[in-house]
Each structure stands twice: as structure tokens, then as C-alpha cells.
>>> print(open('my_file15.tsv').read())   # TSV, C-alpha atoms
chain	number	residue	atom	x	y	z
A	1390	PRO	CA	-32.55	22.16	-51.67
A	1391	VAL	CA	-36.07	23.53	-51.37
A	1392	ASN	CA	-37.14	25.98	-54.05
A	1393	ILE	CA	-38.82	28.94	-52.36
A	1394	ASN	CA	-40.71	29.86	-55.50
A	1395	GLN	CA	-42.20	26.38	-55.77
A	1396	VAL	CA	-43.25	26.48	-52.12
A	1397	GLY	CA	-44.88	29.85	-52.67
A	1398	LYS	CA	-46.75	28.64	-55.75
A	1399	ALA	CA	-47.94	25.52	-53.92
A	1400	ALA	CA	-49.20	27.60	-51.01
A	1401	ALA	CA	-50.99	30.01	-53.36
A	1402	SER	CA	-52.55	27.09	-55.24
A	1403	ALA	CA	-53.78	25.48	-52.03
A	1404	LYS	CA	-55.18	28.81	-50.88
A	1405	SER	CA	-57.03	29.33	-54.17
A	1406	VAL	CA	-58.57	25.88	-53.87
A	1407	ARG	CA	-59.69	26.61	-50.31
A	1408	LEU	CA	-61.20	29.98	-51.19
A	1409	GLY	CA	-64.80	29.85	-52.30
A	1410	SER	CA	-65.41	26.43	-50.76
A	1411	GLY	CA	-68.17	27.77	-48.51
A	1412	LYS	CA	-71.60	28.97	-49.49
A	1413	MET	CA	-74.38	31.00	-47.91
A	1414	LYS	CA	-78.04	30.30	-48.41
A	1415	PRO	CA	-80.12	33.20	-49.81
A	1416	ALA	CA	-81.68	33.84	-46.40
A	1417	GLU	CA	-78.25	33.83	-44.75
A	1418	LEU	CA	-76.91	36.24	-47.38
A	1419	ALA	CA	-79.80	38.63	-46.75
A	1420	MET	CA	-79.16	38.50	-42.99
A	1421	PHE	CA	-75.41	39.03	-43.44
A	1422	THR	CA	-75.96	42.04	-45.68
A	1423	ARG	CA	-78.42	43.61	-43.25
A	1424	GLN	CA	-76.19	43.06	-40.23
A	1425	LEU	CA	-73.08	44.32	-42.03
A	1426	CYS	CA	-74.96	47.44	-43.08
A	1427	THR	CA	-76.09	48.05	-39.49
A	1428	LEU	CA	-72.57	47.64	-38.07
A	1429	ILE	CA	-71.03	49.99	-40.65
A	1430	GLN	CA	-73.75	52.60	-40.09
A	1431	SER	CA	-72.99	52.45	-36.37
A	1432	GLY	CA	-69.41	53.48	-37.11
A	1433	LEU	CA	-67.64	50.10	-36.98
A	1434	PRO	CA	-64.80	49.65	-39.51
A	1435	LEU	CA	-65.48	47.20	-42.35
A	1436	LEU	CA	-62.87	44.61	-41.35
A	1437	ARG	CA	-63.93	44.60	-37.72
A	1438	ALA	CA	-67.59	44.29	-38.73
A	1439	ILE	CA	-66.84	41.26	-40.93
A	1440	LYS	CA	-64.81	39.58	-38.16
A	1441	THR	CA	-67.60	40.25	-35.67
A	1442	LEU	CA	-70.17	38.58	-37.92
A	1443	ALA	CA	-67.79	35.66	-38.51
A	1444	ARG	CA	-67.52	35.06	-34.75
A	1445	GLN	CA	-71.30	35.20	-34.43
A	1446	ALA	CA	-71.64	32.58	-37.20
A	1447	ALA	CA	-69.69	29.94	-35.25
A	1448	ALA	CA	-72.75	27.65	-35.26
A	1449	LYS	CA	-72.85	27.76	-39.09
A	1450	PRO	CA	-69.49	26.45	-40.38
A	1451	LYS	CA	-70.13	27.28	-44.06
A	1452	VAL	CA	-71.10	30.87	-43.33
A	1453	LYS	CA	-68.17	31.31	-40.96
A	1454	ARG	CA	-65.77	29.93	-43.59
A	1455	VAL	CA	-66.99	32.46	-46.16
A	1456	LEU	CA	-66.67	35.39	-43.76
A	1457	ASP	CA	-63.25	34.28	-42.50
A	1458	GLU	CA	-61.93	34.08	-46.05
A	1459	ILE	CA	-63.31	37.54	-46.90
A	1460	ALA	CA	-61.85	39.03	-43.70
A	1461	GLU	CA	-58.47	37.46	-44.41
A	1462	GLN	CA	-58.34	39.00	-47.89
A	1463	VAL	CA	-59.52	42.42	-46.73
A	1464	GLU	CA	-56.93	42.36	-43.97
A	1465	GLY	CA	-54.28	41.54	-46.60
A	1466	GLY	CA	-55.09	44.70	-48.53
A	1467	THR	CA	-57.73	43.46	-50.97
A	1468	THR	CA	-60.80	45.60	-51.48
A	1469	PHE	CA	-64.11	44.31	-50.18
A	1470	SER	CA	-65.55	43.91	-53.68
A	1471	GLU	CA	-62.50	41.96	-54.85
A	1472	ALA	CA	-62.75	39.71	-51.81
A	1473	LEU	CA	-66.38	38.99	-52.70
A	1474	THR	CA	-65.36	37.78	-56.17
A	1475	SER	CA	-63.54	34.85	-54.52
A	1476	GLN	CA	-66.94	33.59	-53.31
A	1477	PRO	CA	-68.90	33.15	-56.57
A	1478	LYS	CA	-71.21	30.57	-54.99
A	1479	THR	CA	-72.53	33.21	-52.60
A	1480	PHE	CA	-72.10	36.62	-54.23
A	1481	ASP	CA	-73.29	37.04	-57.81
A	1482	LYS	CA	-72.01	39.64	-60.28
A	1483	LEU	CA	-74.79	42.11	-59.47
A	1484	PHE	CA	-73.95	42.04	-55.76
A	1485	VAL	CA	-70.24	42.51	-56.43
A	1486	SER	CA	-70.83	45.32	-58.94
A	1487	MET	CA	-73.04	47.25	-56.55
A	1488	VAL	CA	-70.52	46.88	-53.72
A	1489	ARG	CA	-67.74	48.08	-56.05
A	1490	ALA	CA	-69.84	51.11	-56.98
A	1491	GLY	CA	-70.48	51.81	-53.31
A	1492	GLU	CA	-66.77	51.65	-52.53
A	1493	ALA	CA	-65.95	54.02	-55.38
A	1494	SER	CA	-68.60	56.56	-54.35
A	1495	GLY	CA	-67.95	56.29	-50.61
A	1496	ALA	CA	-71.53	55.18	-49.93
A	1497	LEU	CA	-70.97	51.52	-49.12
A	1498	GLU	CA	-73.46	51.49	-46.24
A	1499	THR	CA	-76.18	52.92	-48.51
A	1500	VAL	CA	-75.54	50.27	-51.15
A	1501	LEU	CA	-75.57	47.52	-48.53
A	1502	GLU	CA	-78.90	48.81	-47.23
A	1503	ARG	CA	-80.41	48.72	-50.73
A	1504	LEU	CA	-79.02	45.23	-51.30
A	1505	SER	CA	-80.41	43.98	-48.00
A	1506	GLU	CA	-83.85	45.37	-48.84
A	1507	PHE	CA	-83.74	43.72	-52.26
A	1508	LEU	CA	-82.65	40.33	-50.83
A	1509	GLU	CA	-85.22	40.42	-48.03
A	1510	LYS	CA	-87.99	41.25	-50.50
A	1511	SER	CA	-86.90	38.36	-52.73
A	1512	GLU	CA	-87.04	35.98	-49.77
A	1513	ARG	CA	-90.53	37.16	-48.82
A	1514	ILE	CA	-91.76	36.60	-52.38
A	1515	LYS	CA	-90.24	33.10	-52.45
A	1516	SER	CA	-91.89	32.28	-49.13
A	1517	LYS	CA	-95.30	33.48	-50.36
A	1518	ILE	CA	-94.98	31.44	-53.57
A	1519	LYS	CA	-94.08	28.30	-51.62
A	1520	SER	CA	-96.99	28.83	-49.23
A	1521	ALA	CA	-99.40	29.40	-52.11
A	1522	LEU	CA	-98.30	26.17	-53.82
A	1523	MET	CA	-98.49	23.99	-50.72
A	1524	TYR	CA	-102.31	23.82	-50.50
A	1525	PRO	CA	-103.04	22.83	-54.14
A	1526	LEU	CA	-100.18	20.32	-54.04
A	1527	ALA	CA	-101.57	18.78	-50.86
A	1528	VAL	CA	-105.09	18.60	-52.32
A	1529	MET	CA	-103.79	17.06	-55.54
A	1530	THR	CA	-101.75	14.49	-53.63
A	1531	VAL	CA	-104.75	13.46	-51.51
A	1532	ALA	CA	-107.01	13.28	-54.57
A	1533	ILE	CA	-104.54	11.09	-56.47
A	1534	GLY	CA	-104.12	8.83	-53.44
A	1535	ILE	CA	-107.88	8.38	-53.03
A	1536	THR	CA	-108.32	7.70	-56.75
A	1537	VAL	CA	-105.58	5.07	-56.78
A	1538	LEU	CA	-107.03	3.45	-53.65
A	1539	LEU	CA	-110.53	3.29	-55.11
A	1540	LEU	CA	-109.26	1.89	-58.38
A	1541	ALA	CA	-107.17	-0.71	-56.58
A	1542	ILE	CA	-110.09	-1.80	-54.39
A	1543	GLY	CA	-112.54	-1.75	-57.30
A	1544	TRP	CA	-110.41	-3.80	-59.66
A	1545	ALA	CA	-109.43	-6.21	-56.91
A	1546	GLY	CA	-113.08	-6.78	-55.96
A	1547	PHE	CA	-114.15	-7.18	-59.57
A	1548	ALA	CA	-111.33	-9.64	-60.27
A	1549	TRP	CA	-112.21	-11.67	-57.17
A	1550	LEU	CA	-115.92	-11.82	-58.05
A	1551	ALA	CA	-115.18	-12.80	-61.66
A	1552	ALA	CA	-112.80	-15.54	-60.51
A	1553	VAL	CA	-115.39	-16.96	-58.10
A	1554	LEU	CA	-118.18	-16.95	-60.67
A	1555	ILE	CA	-116.13	-18.39	-63.51
A	1556	GLU	CA	-114.08	-20.97	-61.60
A	1557	GLY	CA	-117.06	-22.09	-59.50
A	1558	GLY	CA	-119.30	-22.48	-62.55
A	1559	VAL	CA	-121.98	-20.32	-60.97
A	1560	LEU	CA	-122.31	-17.93	-63.85
A	1561	ARG	CA	-122.19	-20.67	-66.48
A	1562	THR	CA	-124.86	-22.73	-64.66
A	1563	TYR	CA	-127.11	-19.73	-64.13
A	1564	LEU	CA	-126.98	-18.69	-67.78
A	1565	HIS	CA	-127.59	-22.28	-68.91
A	1566	ASN	CA	-130.66	-22.57	-66.67
A	1567	LEU	CA	-132.05	-19.28	-67.93
A	1568	LYS	CA	-131.57	-20.42	-71.53
A	1569	THR	CA	-133.31	-23.75	-70.81
A	1570	ALA	CA	-136.26	-22.00	-69.14
A	1571	ALA	CA	-136.61	-19.61	-72.06
A	1572	GLU	CA	-136.61	-22.44	-74.60
A	1573	LEU	CA	-139.27	-24.41	-72.68
A	1574	GLY	CA	-141.34	-21.34	-71.89
A	1575	MET	CA	-141.21	-22.15	-68.17
A	1576	GLU	CA	-140.73	-19.78	-65.25
A	1577	PRO	CA	-137.72	-20.59	-63.07
A	1578	THR	CA	-138.38	-21.26	-59.42
A	1579	GLY	CA	-136.24	-21.51	-56.36
A	1580	SER	CA	-132.75	-20.05	-56.50
A	1581	ALA	CA	-132.92	-19.34	-60.25
A	1582	ALA	CA	-135.82	-16.98	-59.66
A	1583	ARG	CA	-133.77	-15.16	-57.06
A	1584	GLY	CA	-130.72	-14.70	-59.28
A	1585	LEU	CA	-127.14	-15.56	-58.39
A	1586	GLY	CA	-127.68	-15.42	-54.67
A	1587	GLY	CA	-128.86	-19.04	-54.36
A	1588	ASN	CA	-127.12	-22.36	-54.72
A	1589	PRO	CA	-126.97	-23.50	-58.36
A	1590	ASP	CA	-127.01	-27.13	-57.27
A	1591	VAL	CA	-130.61	-26.82	-56.06
A	1592	THR	CA	-131.90	-24.65	-58.91
A	1593	THR	CA	-135.27	-26.06	-60.05
A	1594	PHE	CA	-137.65	-25.26	-62.85
A	1595	ASN	CA	-141.35	-25.93	-63.02
A	1596	LEU	CA	-140.94	-28.26	-66.02
A	1597	PHE	CA	-143.80	-30.58	-64.93
A	1598	PRO	CA	-146.78	-28.53	-63.73
A	1599	ALA	CA	-149.20	-30.05	-61.23
A	1600	ALA	CA	-152.17	-32.06	-62.61
A	1601	GLY	CA	-154.81	-29.47	-61.75
A	1602	SER	CA	-152.95	-26.58	-63.34
A	1603	ALA	CA	-153.13	-27.75	-67.00
>>> encode(input="my_file15.tsv", output="C-alpha cells")
Amino acid sequence: PVNINQVGKAAASAKSVRLGSGKMKPAELAMFTRQLCTLIQSGLPLLRAIKTLARQAAAKPKVKRVLDEIAEQVEGGTTFSEALTSQPKTFDKLFVSMVRAGEASGALETVLERLSEFLEKSERIKSKIKSALMYPLAVMTVAIGITVLLLAIGWAGFAWLAAVLIEGGVLRTYLHNLKTAAELGMEPTGSAARGLGGNPDVTTFNLFPAAGSA
């Protein structure tokens, strides 16, 4: 036999797991609050206003799920503020407390208007901060990229030149020739006089001056 109590507990457990699975983004929450305030001020009942917004959010499954769950609880006799507590990912304690106060005082539309203004202002501030940070971040990124590129090219060129000079013996030969010329007191001629640009194999020194120059 099937235990009705167990079936009821299982259904309640599954429902509790399903509730709160959706989440609104801050911008979506601000829009929802503003639209709900407008509908209530126009004379639409709370439940009907929530269902209307849920139908309009068909293109956003997460938002629609949140609103459907709230509407279902309100329709079952739960207060609006209590229904919001089942969506902790979307509605924080401040939001819920203000809605509860609005319900108790009979000024729910006024509270929703104040909440919408607060949320919209917060979104504008966030947008300004992000915009202000974009330019310096972009400049810093470009500067770092250019610095890394210059360092990579500079070190690569230096390493290549050093490898050519050392492995080819150009630097060693040039320094040896300069040392020999200094010891003999002779002026280097040819490629040695021009530096490293010439061919070290043809470097000559005026070690034996012409007969008429003595």
C-alpha cells in the first residue's frame, strides 16, 4: 500500500528543491521591480501583475522560473514577502524586509518605487565604474604588450649578434688584432681600421712600413 504521508513529504521535498533554482541578474531585478511597481500603481492586483511579468519573461527562462514560483506561492495563500524568501539568490534580506514593511503598512507600491530607484541608481554607478576602469586597463594592457615585444626583440637580437660574433671568431680575432697593433705601436689598416664591419680574414696591419717612410 502507498503511504499518503510519504507521498506528500516527497512532493514537498521535491518542491523545496525546485524553489529558488532560478536567479535574476541585478539589472533584471531592477527592471522587474520597476515594472511591478508600475502595474500595481495602475490598479492591477499583485498576483495578476506577477503573472503578467512572468509571461513577458518567456525569452529569459531563469527570470520566468523565479516569477512563476513566486506567483504559485502567492496564489496558494503565501504573502508576497514570504514568497520572496524562497528566492534568496535574487532577493536579499533588505529587499524582503522592505516589502514586508510595505505590506504591513499598505504602501507596497511606494516601497517598490523606492526599491526600484535604489536598484537603478546602483546599476548606473556600477556602469560608470566599469566605464571609468576600461580606459586605464586598455592603456596598461597595450603598454605591457609593447614592453614585452620590445624586450623579446631586443634580447633575441642581442643573443643572435653575440652568437654570431663568438661562434664565428669575429670578436676574438678583432680583439687579438687590436692588442697586437697596440703592442707594436702600429696603426691598423684595412678592415681593422673600420671596426667589425670588415672581413677578419683580410685584416692587415702596417707592420713593415715602406722604405721611404722610415
>>> atom_distance(input="my_file15.tsv", atom1="CA of Phe1469 (chain A)", atom2="CA of Lys1515 (chain A)")
28.5 Å
>>> residues_near_point(input="my_file15.tsv", point="(-70.1, 27.7, -41.9)", cutoff="12 Å", atoms="only C-alpha atoms", output="ChimeraX atom specification")
/A:1409-1414,1417,1442-1458
>>> atom_distance(input="my_file15.tsv", atom1="CA of Glu1506 (chain A)", atom2="CA of Thr1467 (chain A)")
26.3 Å
>>> atom_distance(input="my_file15.tsv", atom1="CA of Ser1470 (chain A)", atom2="CA of Val1488 (chain A)")
5.8 Å
>>> residues_around(input="my_file15.tsv", residues="Ala1419 (chain A)", least_positions_apart="4", cutoff="6 Å", atoms="only C-alpha atoms", output="ChimeraX atom specification")
/A:1505,1508-1509
>>> residues_around(input="my_file15.tsv", residues="Ser1516 (chain A)", least_positions_apart="6", cutoff="12 Å", atoms="all atoms listed in the file", output="number ranges by chain")
A: 1415-1416, 1509-1510, 1522-1523
>>> residues_around(input="my_file15.tsv", residues="region 1459-1462 of chain A", least_positions_apart="6", cutoff="9 Å", atoms="all atoms listed in the file", output="JSON, numbers by chain")
{"A": [1408, 1436, 1437, 1439, 1440, 1443, 1468, 1469, 1471, 1472, 1473, 1475, 1476]}
>>> closest_residue(input="my_file15.tsv", among="A:Met1529, A:Leu1504, A:Leu1435, A:Ala1496", to="Asp1481 (chain A)", atoms="all atoms listed in the file")
A:Leu1504
>>> closest_residue(input="my_file15.tsv", among="A:Gly1491, A:Val1537, A:Glu1498, A:Arg1503", to="Cys1426 (chain A)", atoms="all atoms listed in the file")
A:Glu1498
>>> decode(input="my_file15.tsv", residues="region 1465-1478 of chain A", atoms="all heavy atoms", output="mmCIF file, in the first residue's frame")
data_model
loop_
_atom_site.group_PDB
_atom_site.id
_atom_site.type_symbol
_atom_site.label_atom_id
_atom_site.label_comp_id
_atom_site.auth_asym_id
_atom_site.auth_seq_id
_atom_site.Cartn_x
_atom_site.Cartn_y
_atom_site.Cartn_z
ATOM 1 N N GLY A 1465 -1.202 30.382 -3.692
ATOM 2 C CA GLY A 1465 -1.510 29.394 -2.663
ATOM 3 C C GLY A 1465 -1.772 29.992 -1.293
ATOM 4 O O GLY A 1465 -2.005 29.255 -0.333
ATOM 5 N N GLY A 1466 -1.716 31.304 -1.187
ATOM 6 C CA GLY A 1466 -2.031 31.962 0.074
ATOM 7 C C GLY A 1466 -0.841 32.534 0.813
ATOM 8 O O GLY A 1466 -1.001 33.140 1.878
ATOM 9 N N THR A 1467 0.353 32.390 0.267
ATOM 10 C CA THR A 1467 1.549 32.941 0.914
ATOM 11 C C THR A 1467 1.649 34.433 0.621
ATOM 12 O O THR A 1467 1.290 34.890 -0.468
ATOM 13 C CB THR A 1467 2.820 32.236 0.391
ATOM 14 O OG1 THR A 1467 2.673 30.835 0.565
ATOM 15 C CG2 THR A 1467 4.058 32.706 1.114
ATOM 16 N N THR A 1468 2.116 35.173 1.578
ATOM 17 C CA THR A 1468 2.315 36.607 1.348
ATOM 18 C C THR A 1468 3.456 36.816 0.349
ATOM 19 O O THR A 1468 4.316 35.951 0.154
ATOM 20 C CB THR A 1468 2.645 37.338 2.659
ATOM 21 O OG1 THR A 1468 3.875 36.816 3.186
ATOM 22 C CG2 THR A 1468 1.536 37.148 3.673
ATOM 23 N N PHE A 1469 3.452 37.985 -0.253
ATOM 24 C CA PHE A 1469 4.470 38.304 -1.256
ATOM 25 C C PHE A 1469 5.871 38.275 -0.650
ATOM 26 O O PHE A 1469 6.811 37.737 -1.239
ATOM 27 C CB PHE A 1469 4.166 39.669 -1.867
ATOM 28 C CG PHE A 1469 5.103 40.069 -2.969
ATOM 29 C CD1 PHE A 1469 5.484 39.183 -3.964
ATOM 30 C CD2 PHE A 1469 5.617 41.357 -3.006
ATOM 31 C CE1 PHE A 1469 6.351 39.571 -4.978
ATOM 32 C CE2 PHE A 1469 6.479 41.749 -4.013
ATOM 33 C CZ PHE A 1469 6.852 40.849 -5.004
ATOM 34 N N SER A 1470 6.016 38.836 0.541
ATOM 35 C CA SER A 1470 7.332 38.870 1.181
ATOM 36 C C SER A 1470 7.819 37.464 1.521
ATOM 37 O O SER A 1470 9.012 37.165 1.368
ATOM 38 C CB SER A 1470 7.285 39.734 2.446
ATOM 39 O OG SER A 1470 6.311 39.233 3.363
ATOM 40 N N GLU A 1471 6.911 36.597 1.968
ATOM 41 C CA GLU A 1471 7.299 35.223 2.271
ATOM 42 C C GLU A 1471 7.682 34.473 0.997
ATOM 43 O O GLU A 1471 8.601 33.645 1.000
ATOM 44 C CB GLU A 1471 6.156 34.489 2.990
ATOM 45 C CG GLU A 1471 5.931 34.952 4.408
ATOM 46 C CD GLU A 1471 7.149 34.711 5.287
ATOM 47 O OE1 GLU A 1471 7.821 33.681 5.105
ATOM 48 O OE2 GLU A 1471 7.432 35.563 6.158
ATOM 49 N N ALA A 1472 6.991 34.754 -0.081
ATOM 50 C CA ALA A 1472 7.331 34.120 -1.356
ATOM 51 C C ALA A 1472 8.718 34.549 -1.822
ATOM 52 O O ALA A 1472 9.458 33.758 -2.425
ATOM 53 C CB ALA A 1472 6.282 34.470 -2.402
ATOM 54 N N LEU A 1473 9.082 35.795 -1.520
ATOM 55 C CA LEU A 1473 10.406 36.282 -1.928
ATOM 56 C C LEU A 1473 11.525 35.575 -1.164
ATOM 57 O O LEU A 1473 12.632 35.423 -1.679
ATOM 58 C CB LEU A 1473 10.505 37.793 -1.709
ATOM 59 C CG LEU A 1473 9.571 38.675 -2.544
ATOM 60 C CD1 LEU A 1473 9.816 40.141 -2.235
ATOM 61 C CD2 LEU A 1473 9.742 38.409 -4.032
ATOM 62 N N THR A 1474 11.245 35.155 0.070
ATOM 63 C CA THR A 1474 12.280 34.479 0.865
ATOM 64 C C THR A 1474 12.672 33.132 0.271
ATOM 65 O O THR A 1474 13.737 32.605 0.590
ATOM 66 C CB THR A 1474 11.794 34.269 2.309
ATOM 67 O OG1 THR A 1474 10.586 33.485 2.289
ATOM 68 C CG2 THR A 1474 11.519 35.592 2.990
ATOM 69 N N SER A 1475 11.838 32.567 -0.607
ATOM 70 C CA SER A 1475 12.183 31.297 -1.249
ATOM 71 C C SER A 1475 13.146 31.492 -2.418
ATOM 72 O O SER A 1475 13.560 30.520 -3.046
ATOM 73 C CB SER A 1475 10.914 30.593 -1.747
ATOM 74 O OG SER A 1475 10.291 31.345 -2.785
ATOM 75 N N GLN A 1476 13.484 32.752 -2.700
ATOM 76 C CA GLN A 1476 14.414 33.070 -3.797
ATOM 77 C C GLN A 1476 15.598 33.858 -3.236
ATOM 78 O O GLN A 1476 15.815 35.017 -3.586
ATOM 79 C CB GLN A 1476 13.700 33.873 -4.885
ATOM 80 C CG GLN A 1476 12.408 33.276 -5.388
ATOM 81 C CD GLN A 1476 12.635 32.004 -6.183
ATOM 82 O OE1 GLN A 1476 13.706 31.812 -6.769
ATOM 83 N NE2 GLN A 1476 11.647 31.126 -6.208
ATOM 84 N N PRO A 1477 16.394 33.248 -2.354
ATOM 85 C CA PRO A 1477 17.495 34.008 -1.718
ATOM 86 C C PRO A 1477 18.588 34.422 -2.694
ATOM 87 O O PRO A 1477 19.352 35.351 -2.408
ATOM 88 C CB PRO A 1477 18.033 33.019 -0.675
ATOM 89 C CG PRO A 1477 17.668 31.662 -1.205
ATOM 90 C CD PRO A 1477 16.357 31.848 -1.902
ATOM 91 N N LYS A 1478 18.689 33.751 -3.834
ATOM 92 C CA LYS A 1478 19.706 34.121 -4.818
ATOM 93 C C LYS A 1478 19.375 35.440 -5.506
ATOM 94 O O LYS A 1478 20.263 36.090 -6.051
ATOM 95 C CB LYS A 1478 19.851 33.019 -5.865
ATOM 96 C CG LYS A 1478 20.370 31.698 -5.329
ATOM 97 C CD LYS A 1478 20.495 30.680 -6.451
ATOM 98 C CE LYS A 1478 21.007 29.343 -5.936
ATOM 99 N NZ LYS A 1478 21.105 28.320 -7.021
#
